[in-house]
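Q: Before anything else, here's the structure in question.
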Amino acid sequence: MSKSRTSVFFFLFLFLLSSVQSIPPSTDILALQAFKAAIKPSSIPSYSCLGSWNFTTDPCSVPRVTHFTCGLSCSSGNRVTELTLDPAGYTGTLSPLVSKLTQLVTLDLQNNNFYGPIPSSLSSLPNLKNLVLRLNSFSGSVPPSLTSLKSLLSLDLSHNLISGLPNSMNELTSLRRLDLSYNKLTGSLPKLPPNLLELAAKANSLSGPLLKSSFYGLNQLEVVELSENSLFGTIETWFFQLPSLQQIDMANNSFTLVKISNVVNLNSDLVAVDLGFNKIEGYLPVNFAIFPRLSSLTLRYNKFRGPIPLQYSKKATLKRLYLDGNFLNGSPPAGFFGRETSVTGSLGDNCLQKCPISSQLCLKSQKSTSICQQAYGGKPKS
């Protein structure tokens, strides 16, 4: 055979080899086929992403003109790295075989009608960074095996029917954002991931006191959203001393007491606190005024009594203050009503005297004298 003919065959071999290598491995294709097969065909509109998935063509080929027009992304090595569905109302279960997409970085199925358990096999996705299953109907407990996902940065399970969390949640050492809101969770939170920035578990049935063990070592935690649960007991000083805390929303629970010592981090970044609609008794905590950056404080509709601390009116950073719906008495500090004041909010529905109706803070009327006398044991306070 001539040398030139040998060269032609050699280059043809290289071309064929490169063509074969450009096709995703069979495991990726089989995983995608199983993923689509677990979804009811009647819920797949022709115009949707899944409607364009036709396995007679390479899922990773470009340009995607007619097939695989959306819903997945591939790496330069033609491995599926992202599975992001459109909100087309897909109905079905999540196939455990999705775990064969071993290079997957993002799995986003939000705003569809997936149901059933979250497959424990997802623990076989070592590169997974973003798991977004919000606005579906997944049920049952989060599989303990998922806490082995050491690359996971964001986990959004909100708006599902999830009823339990593994005790090993703290093993998700890379997790930065966790959203469990609008589920069926009960009891206390487990020990949380150590590098968490944002925690949201709004509108569940969480109960019991806040446990220090759940939040131990969370030195980077900035946002806590636990409103609309059944948490009760005392909110202790340790919680407000979490070093990176910026926003707290624990409204609509059953807390009865707030303790804040005067040993507060003077470098605290806490800017907003909402403890409205609880059952908190006693006097307003004066030490909220110590937090150097606090700009929004909501303590409305609790059972606070006594005067409004003068320190609140002297706090220059405070821009929003809602104290309505308590049993506060006496005259509100005059500093709230000066020309230079910029505080908005409400002091109404209390037992205050001399709350000037010319002020936006006093637009809501005060409680009747009889209610206030009853609250103070039949003796009106001034």
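Following the order of the structure tokens, first chain is A, next is B, and so on, with residues numbered from 1 inside each chain and ligands from 1 in the order they appear.
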Out of region 126-226 of chain A, which residues get alpha helix (DSSP H) from DSSP, as a ChimeraX atom specification?
A: /A:212-215
Q: Go ahead and save the residues from that selection, with C-alpha atoms, as a PDB file, in the first residue's frame.
A:
ATOM      1  CA  LYS A 212     -28.465  26.459  70.052  1.00  0.00           C
ATOM      2  CA  SER A 213     -27.181  23.097  68.810  1.00  0.00           C
ATOM      3  CA  SER A 214     -28.981  23.640  65.464  1.00  0.00           C
ATOM      4  CA  PHE A 215     -27.113  26.891  64.848  1.00  0.00           C
TER       5      PHE A 215
END
Q: DSSP on the backbone, then: every residue of region 81-130 of chain A marked strand (DSSP E), written as a ChimeraX atom specification.
A: /A:81-84,91-92,106-108,113-116,130
Q: Residues of region 215-243 of chain A that have any atom at most 12 Å from an atom of region 285-290 of chain A: could you tabulate them with the shortest-distance atom pair and the distance in Å to one decimal, using only C-alpha atoms, ordered by chain and increasing number, as a tab-separated table?
A:
residue	atom	partner	partner_atom	distance
A:Ile235	CA	A:Pro285	CA	11.7
A:Glu236	CA	A:Pro285	CA	11.9
A:Thr237	CA	A:Asn287	CA	10.4
A:Phe240	CA	A:Phe288	CA	9.7
A:Gln241	CA	A:Phe288	CA	11.8
Q: Compile the contact shell of region 312-321 of chain A as a CSV table (one decimal) with N, CA and C atoms, in the first residue's frame: residues with an atom at most 10 Å away, counting only C-alpha atoms, same-chain residues fewer than 3 positions apart removed.
A:
chain,number,residue,atom,x,y,z
A,271,VAL,N,-29.5,44.3,60.5
A,271,VAL,CA,-30.2,45.5,60.0
A,271,VAL,C,-31.7,45.3,60.1
A,272,ALA,N,-32.3,44.1,60.2
A,272,ALA,CA,-33.7,44.0,60.2
A,272,ALA,C,-34.2,42.8,61.1
A,273,VAL,N,-35.1,43.1,61.9
A,273,VAL,CA,-35.7,42.1,62.8
A,273,VAL,C,-37.2,42.2,62.8
A,274,ASP,N,-37.9,41.0,62.5
A,274,ASP,CA,-39.3,40.9,62.5
A,274,ASP,C,-39.7,39.8,63.5
A,284,LEU,N,-40.4,46.1,76.3
A,284,LEU,CA,-39.6,46.1,75.0
A,284,LEU,C,-38.1,46.0,75.3
A,285,PRO,N,-37.4,45.2,74.6
A,285,PRO,CA,-35.9,45.0,74.9
A,285,PRO,C,-35.2,46.3,74.5
A,286,VAL,N,-34.6,47.0,75.5
A,286,VAL,CA,-33.9,48.2,75.3
A,286,VAL,C,-32.7,47.9,74.4
A,287,ASN,N,-32.1,46.8,74.6
A,287,ASN,CA,-30.8,46.5,73.9
A,287,ASN,C,-30.9,46.3,72.4
A,288,PHE,N,-32.1,46.3,71.8
A,288,PHE,CA,-32.1,46.4,70.4
A,288,PHE,C,-31.5,47.6,69.9
A,289,ALA,N,-31.5,48.7,70.7
A,289,ALA,CA,-30.9,50.0,70.3
A,289,ALA,C,-29.4,49.9,70.2
A,290,ILE,N,-28.8,48.8,70.8
A,290,ILE,CA,-27.3,48.7,70.8
A,290,ILE,C,-26.8,48.3,69.4
A,291,PHE,N,-27.6,47.6,68.6
A,291,PHE,CA,-27.1,47.1,67.3
A,291,PHE,C,-26.8,48.3,66.4
A,292,PRO,N,-25.6,48.4,66.0
A,292,PRO,CA,-25.2,49.7,65.3
A,292,PRO,C,-25.8,50.0,64.0
A,293,ARG,N,-26.3,48.9,63.3
A,293,ARG,CA,-26.8,49.1,61.9
A,293,ARG,C,-28.3,48.8,61.8
A,294,LEU,N,-29.0,48.6,62.9
A,294,LEU,CA,-30.4,48.2,62.9
A,294,LEU,C,-31.2,49.3,62.3
A,295,SER,N,-31.9,49.0,61.2
A,295,SER,CA,-32.8,50.0,60.6
A,295,SER,C,-34.2,49.7,60.5
A,296,SER,N,-34.6,48.4,60.8
A,296,SER,CA,-36.0,48.0,60.7
A,296,SER,C,-36.3,47.0,61.9
A,297,LEU,N,-37.3,47.4,62.7
A,297,LEU,CA,-37.6,46.6,63.9
A,297,LEU,C,-39.1,46.5,64.0
A,298,THR,N,-39.6,45.2,63.9
A,298,THR,CA,-41.0,45.0,64.0
A,298,THR,C,-41.3,44.0,65.1
A,299,LEU,N,-42.1,44.6,66.1
A,299,LEU,CA,-42.5,43.8,67.3
A,299,LEU,C,-44.0,43.9,67.5
A,300,ARG,N,-44.7,44.1,66.4
A,300,ARG,CA,-46.2,44.4,66.4
A,300,ARG,C,-47.0,43.1,66.8
A,308,ILE,N,-42.3,53.0,75.8
A,308,ILE,CA,-41.4,52.8,74.7
A,308,ILE,C,-40.0,53.3,75.1
A,309,PRO,N,-38.9,52.5,75.0
A,309,PRO,CA,-37.6,53.0,75.4
A,309,PRO,C,-37.2,54.3,74.7
A,324,ASP,N,-47.2,48.5,66.9
A,324,ASP,CA,-48.6,48.5,67.1
A,324,ASP,C,-49.1,47.1,67.5
A,332,PRO,N,-45.2,58.4,74.1
A,332,PRO,CA,-44.1,58.0,73.2
A,332,PRO,C,-43.0,59.1,73.2
A,333,PRO,N,-41.8,58.7,73.1
A,333,PRO,CA,-40.7,59.7,73.1
A,333,PRO,C,-40.9,60.8,72.0
A,334,ALA,N,-40.6,62.0,72.4
A,334,ALA,CA,-40.9,63.1,71.6
A,334,ALA,C,-40.0,63.1,70.3
A,335,GLY,N,-38.8,62.4,70.5
A,335,GLY,CA,-37.9,62.3,69.3
A,335,GLY,C,-38.4,61.7,68.1
A,336,PHE,N,-39.5,60.9,68.2
A,336,PHE,CA,-40.2,60.3,67.0
A,336,PHE,C,-40.9,61.4,66.2
A,337,PHE,N,-41.2,62.5,66.8
A,337,PHE,CA,-42.1,63.5,66.1
A,337,PHE,C,-41.4,64.8,65.7
A,341,THR,N,-37.1,63.8,62.0
A,341,THR,CA,-37.3,62.4,62.1
A,341,THR,C,-37.7,61.8,60.8
A,342,SER,N,-37.2,60.6,60.5
A,342,SER,CA,-37.5,59.9,59.2
A,342,SER,C,-38.1,58.5,59.5
A,343,VAL,N,-38.5,58.3,60.7
A,343,VAL,CA,-39.0,56.9,61.1
A,343,VAL,C,-40.4,56.7,60.6
A,344,THR,N,-40.7,55.6,59.9
A,344,THR,CA,-42.0,55.2,59.5
A,344,THR,C,-42.4,54.0,60.2
A,345,GLY,N,-43.7,53.7,60.2
A,345,GLY,CA,-44.2,52.5,60.9
A,345,GLY,C,-45.5,52.8,61.6
A,346,SER,N,-45.7,52.2,62.8
A,346,SER,CA,-46.9,52.4,63.6
A,346,SER,C,-46.7,52.2,65.1
A,347,LEU,N,-47.3,53.1,65.9
A,347,LEU,CA,-47.4,53.0,67.3
A,347,LEU,C,-48.8,52.8,67.8
A,361,LEU,N,-47.0,57.8,62.5
A,361,LEU,CA,-46.9,56.8,63.4
A,361,LEU,C,-48.1,56.6,64.3
Q: To one decimal place, how far is CA of Ser61 (chain A) from CA of Ser151 (chain A) in Å?
A: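 That distance, rounded to one decimal, is 27.5 Å.
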Q: Pick from A:Met250, A:Asn136, A:Pro193, A:Ser163: nearest to Ser148 (chain A), with only C-alpha atoms counted?
A: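 Using only C-alpha atoms, Ser148 (chain A) sits closest to A:Pro193.
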Q: Which residues, written as a PyMOL selection string, have at least one atom at most 8 Å from Thr186 (chain A), with only C-alpha atoms counted and residues fewer than 3 positions away on the same chain left out?
A: chain A and resi 163-164+204-207
Q: In Å, how far is it from CA of Thr106 (chain A) to CA of Leu128 (chain A)?
A: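 Value for the CA of Thr106 (chain A)-CA of Leu128 (chain A) distance: 6.0 Å.
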Q: Name all residues at most 9 Å from Leu218 (chain A) (count only C-alpha atoms; drop same-chain ones fewer than 5 positions away) and give them as a list in words.
A: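 Result of the neighbour search: Leu192, Pro193, Pro194, Asn195, Leu196, Leu197, Leu242, Pro243 and Ser244 of chain A.
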Q: Give me a file of those residues, with N, CA and C atoms, as a short mmCIF file (atom, residue, chain, number, x, y, z; two decimals), in the first residue's frame.
A:
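After the write, part.cif holds the following:
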data_model
loop_
_atom_site.label_atom_id
_atom_site.label_comp_id
_atom_site.auth_asym_id
_atom_site.auth_seq_id
_atom_site.Cartn_x
_atom_site.Cartn_y
_atom_site.Cartn_z
N LEU A 192 -27.44 22.42 61.49
CA LEU A 192 -27.44 22.96 60.13
C LEU A 192 -26.04 22.97 59.52
N PRO A 193 -25.96 23.04 58.18
CA PRO A 193 -24.65 23.07 57.50
C PRO A 193 -23.80 24.24 57.98
N PRO A 194 -22.51 24.01 58.21
CA PRO A 194 -21.67 25.00 58.90
C PRO A 194 -21.37 26.26 58.11
N ASN A 195 -21.47 26.21 56.78
CA ASN A 195 -21.11 27.38 55.96
C ASN A 195 -22.32 28.07 55.35
N LEU A 196 -23.47 27.86 55.96
CA LEU A 196 -24.72 28.40 55.44
C LEU A 196 -24.72 29.93 55.52
N LEU A 197 -25.19 30.56 54.43
CA LEU A 197 -25.40 32.01 54.40
C LEU A 197 -26.87 32.36 54.62
N LEU A 242 -25.04 35.66 66.73
CA LEU A 242 -24.43 35.00 65.57
C LEU A 242 -23.71 36.08 64.76
N PRO A 243 -22.42 35.93 64.51
CA PRO A 243 -21.57 37.07 64.12
C PRO A 243 -21.88 37.72 62.78
N SER A 244 -22.50 37.01 61.84
CA SER A 244 -22.75 37.58 60.51
C SER A 244 -24.22 37.88 60.24
#
Q: Could you list, as a count of residues only, every residue within 6 Å of Gly348 (chain A), counting only C-alpha atoms and ignoring same-chain residues fewer than 6 positions away?
A: 5
Q: Have a look at A:Leu161, A:Val98, A:Leu199, A:Val65 and name the one nearest to Pro119 (chain A); count only C-alpha atoms.
A: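 The shortest atom-to-atom distance to Pro119 (chain A) comes from A:Val98.
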Q: So how far away is CA of Gly116 (chain A) from CA of Lys36 (chain A), in Å?
A: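 CA of Gly116 (chain A) lies at a distance of 15.6 Å from CA of Lys36 (chain A).
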Q: Could you list, as an MDAnalysis selection string, every residue within 9 Å of Asp58 (chain A), counting only C-alpha atoms and ignoring same-chain residues fewer than 2 positions away?
A: chainID A and resid 23:24 29 54:56 60:62 67:68
